[in-house]
Amino acid sequence: MLKWDQKYSVNIDKFDRAHEELFALINDMSDTMTSDSDRDKMVADAKNLRRFLQIHFVREERLMADFEVINRDEHKNVHDGVYKRIEEALSRLRENKTGAMTEMVSFLKDWLPDHIVKMDMQYGRVVYARTANAPESQRIPTR
């Protein structure tokens, strides 16, 4: 089970809330699997996660472009890869291969916390350093 903790904070409230929601969605998917729910419930959970990630990834990528975060292309490629994995798992799940859900949830449980710490916190630091909230000594001028 994933547990949200402040150590995953990127110091941008709307993204922290989204990450916390992603933790909950992944936990819901895990619960669906362990409760022997039917394939339709698994598909619905996976579609819900896919929709949420699609919106979240676009928002992160816009923010990174707006703040000219250096590794934004690499970050987008990672997002694209995760989205592709979810699409493939959904396709397999529709073919009644419920092991696809197990694989996807296992992957996401490992990937999300690691991604937040290694990649998302980078944009969090850049955005923070370019805002009025940052102490003058830590501010990075925009453009």
# chains A, B, ... in the order shown; residues from 1 in each chain; ligands from 1
>>> select_by_dssp(residues="segment 55-140 of chain A", states="helix (DSSP H, G or I)", output="JSON, numbers by chain")
{"A": [55, 56, 57, 58, 59, 60, 61, 62, 63, 64, 65, 66, 72, 73, 74, 75, 76, 77, 78, 79, 80, 81, 82, 83, 84, 85, 86, 87, 88, 89, 90, 91, 92, 93, 94, 99, 100, 101, 102, 103, 104, 105, 106, 107, 108, 109, 110, 111, 112, 113, 114, 115, 116, 117, 118, 119, 120, 121, 122, 123, 124, 125, 126, 127, 128, 129, 136, 137, 138]}
>>> write_last_selection(atoms="C-alpha atoms", output="JSON list (two decimals), in the first residue's frame")
[["chain", "number", "residue", "atom", "x", "y", "z"],
["A", 55, "ILE", "CA", -4.56, 15.42, -17.15],
["A", 56, "HIS", "CA", -1.83, 15.44, -14.50],
["A", 57, "PHE", "CA", 0.97, 14.84, -17.00],
["A", 58, "VAL", "CA", -0.25, 17.67, -19.25],
["A", 59, "ARG", "CA", -0.36, 20.05, -16.28],
["A", 60, "GLU", "CA", 3.15, 19.11, -15.17],
["A", 61, "GLU", "CA", 4.51, 19.43, -18.68],
["A", 62, "ARG", "CA", 2.93, 22.89, -19.11],
["A", 63, "LEU", "CA", 4.40, 24.03, -15.82],
["A", 64, "MET", "CA", 7.84, 22.76, -16.82],
["A", 65, "ALA", "CA", 7.60, 24.56, -20.17],
["A", 66, "ASP", "CA", 6.41, 27.79, -18.52],
["A", 72, "ARG", "CA", 11.35, 18.69, -19.40],
["A", 73, "ASP", "CA", 11.78, 16.64, -22.62],
["A", 74, "GLU", "CA", 13.21, 13.71, -20.68],
["A", 75, "HIS", "CA", 10.41, 14.08, -18.13],
["A", 76, "LYS", "CA", 7.78, 14.06, -20.90],
["A", 77, "ASN", "CA", 9.34, 10.92, -22.39],
["A", 78, "VAL", "CA", 9.01, 9.20, -19.01],
["A", 79, "HIS", "CA", 5.36, 10.28, -18.82],
["A", 80, "ASP", "CA", 4.76, 8.99, -22.36],
["A", 81, "GLY", "CA", 6.31, 5.63, -21.44],
["A", 82, "VAL", "CA", 4.10, 5.24, -18.36],
["A", 83, "TYR", "CA", 1.01, 6.20, -20.32],
["A", 84, "LYS", "CA", 1.92, 3.64, -22.99],
["A", 85, "ARG", "CA", 2.31, 0.94, -20.33],
["A", 86, "ILE", "CA", -1.13, 1.74, -18.98],
["A", 87, "GLU", "CA", -2.63, 1.59, -22.49],
["A", 88, "GLU", "CA", -1.00, -1.81, -23.08],
["A", 89, "ALA", "CA", -2.22, -3.13, -19.71],
["A", 90, "LEU", "CA", -5.75, -1.92, -20.48],
["A", 91, "SER", "CA", -5.65, -3.64, -23.84],
["A", 92, "ARG", "CA", -4.54, -6.91, -22.23],
["A", 93, "LEU", "CA", -7.14, -6.51, -19.50],
["A", 94, "ARG", "CA", -9.88, -6.15, -22.11],
["A", 99, "GLY", "CA", -2.51, -10.41, -14.74],
["A", 100, "ALA", "CA", -2.01, -7.15, -16.64],
["A", 101, "MET", "CA", -3.60, -5.30, -13.73],
["A", 102, "THR", "CA", -1.28, -6.96, -11.22],
["A", 103, "GLU", "CA", 1.75, -6.03, -13.30],
["A", 104, "MET", "CA", 0.57, -2.45, -13.78],
["A", 105, "VAL", "CA", -0.18, -1.88, -10.10],
["A", 106, "SER", "CA", 3.13, -3.42, -9.06],
["A", 107, "PHE", "CA", 4.97, -1.19, -11.54],
["A", 108, "LEU", "CA", 3.09, 1.97, -10.44],
["A", 109, "LYS", "CA", 3.69, 1.30, -6.73],
["A", 110, "ASP", "CA", 7.43, 1.31, -7.40],
["A", 111, "TRP", "CA", 7.48, 3.95, -10.12],
["A", 112, "LEU", "CA", 5.39, 6.78, -8.64],
["A", 113, "PRO", "CA", 7.29, 7.44, -5.38],
["A", 114, "ASP", "CA", 10.61, 7.09, -7.20],
["A", 115, "HIS", "CA", 9.48, 9.41, -10.01],
["A", 116, "ILE", "CA", 8.31, 12.08, -7.59],
["A", 117, "VAL", "CA", 11.59, 12.04, -5.67],
["A", 118, "LYS", "CA", 13.91, 11.84, -8.67],
["A", 119, "MET", "CA", 12.11, 13.93, -11.30],
["A", 120, "ASP", "CA", 9.14, 15.89, -9.99],
["A", 121, "MET", "CA", 11.09, 17.43, -7.13],
["A", 122, "GLN", "CA", 13.42, 18.91, -9.74],
["A", 123, "TYR", "CA", 10.66, 21.02, -11.26],
["A", 124, "GLY", "CA", 9.45, 21.83, -7.75],
["A", 125, "ARG", "CA", 12.84, 23.33, -6.88],
["A", 126, "VAL", "CA", 13.01, 25.31, -10.11],
["A", 127, "VAL", "CA", 9.51, 26.73, -9.71],
["A", 128, "TYR", "CA", 10.14, 27.58, -6.07],
["A", 129, "ALA", "CA", 13.41, 29.33, -6.92],
["A", 136, "GLU", "CA", 16.14, 36.54, -2.41],
["A", 137, "SER", "CA", 19.41, 34.61, -2.13],
["A", 138, "GLN", "CA", 17.76, 31.50, -3.65]]
>>> closest_residue(among="A:Arg50, A:Glu68, A:Arg130, A:Thr98", to="Met33 of chain A", atoms="only C-alpha atoms")
A:Thr98
>>> closest_residue(among="A:Asn71, A:Gln6, A:Asn11, A:Asn48", to="Ile26 of chain A", atoms="only C-alpha atoms")
A:Asn48
>>> closest_residue(among="A:Met42, A:Ser9, A:Lys97, A:Ala18", to="Ser30 of chain A", atoms="only C-alpha atoms")
A:Met42
>>> closest_residue(among="A:Arg39, A:Lys14, A:Lys3, A:Lys47", to="Glu95 of chain A", atoms="only C-alpha atoms")
A:Arg39
>>> atom_distance(atom1="atom CA of Lys7 of chain A", atom2="atom CA of Ala24 of chain A")
16.4 Å
>>> residues_around(residues="Asn27 of chain A", least_positions_apart="4", cutoff="8 Å", atoms="only C-alpha atoms", output="PyMOL selection string")
chain A and resi 1-2+23+31
>>> residues_around(residues="Leu25 of chain A", least_positions_apart="4", cutoff="7 Å", atoms="only C-alpha atoms", output="ChimeraX atom specification")
/A:21,29,49
>>> closest_residue(among="A:Asp45, A:Asn96, A:Asp5, A:Asp16", to="Thr32 of chain A", atoms="only C-alpha atoms")
A:Asp45
>>> atom_distance(atom1="atom CA of Phe15 of chain A", atom2="atom CA of Arg51 of chain A")
15.8 Å
>>> atom_distance(atom1="atom CA of Ala44 of chain A", atom2="atom CA of Trp4 of chain A")
23.2 Å
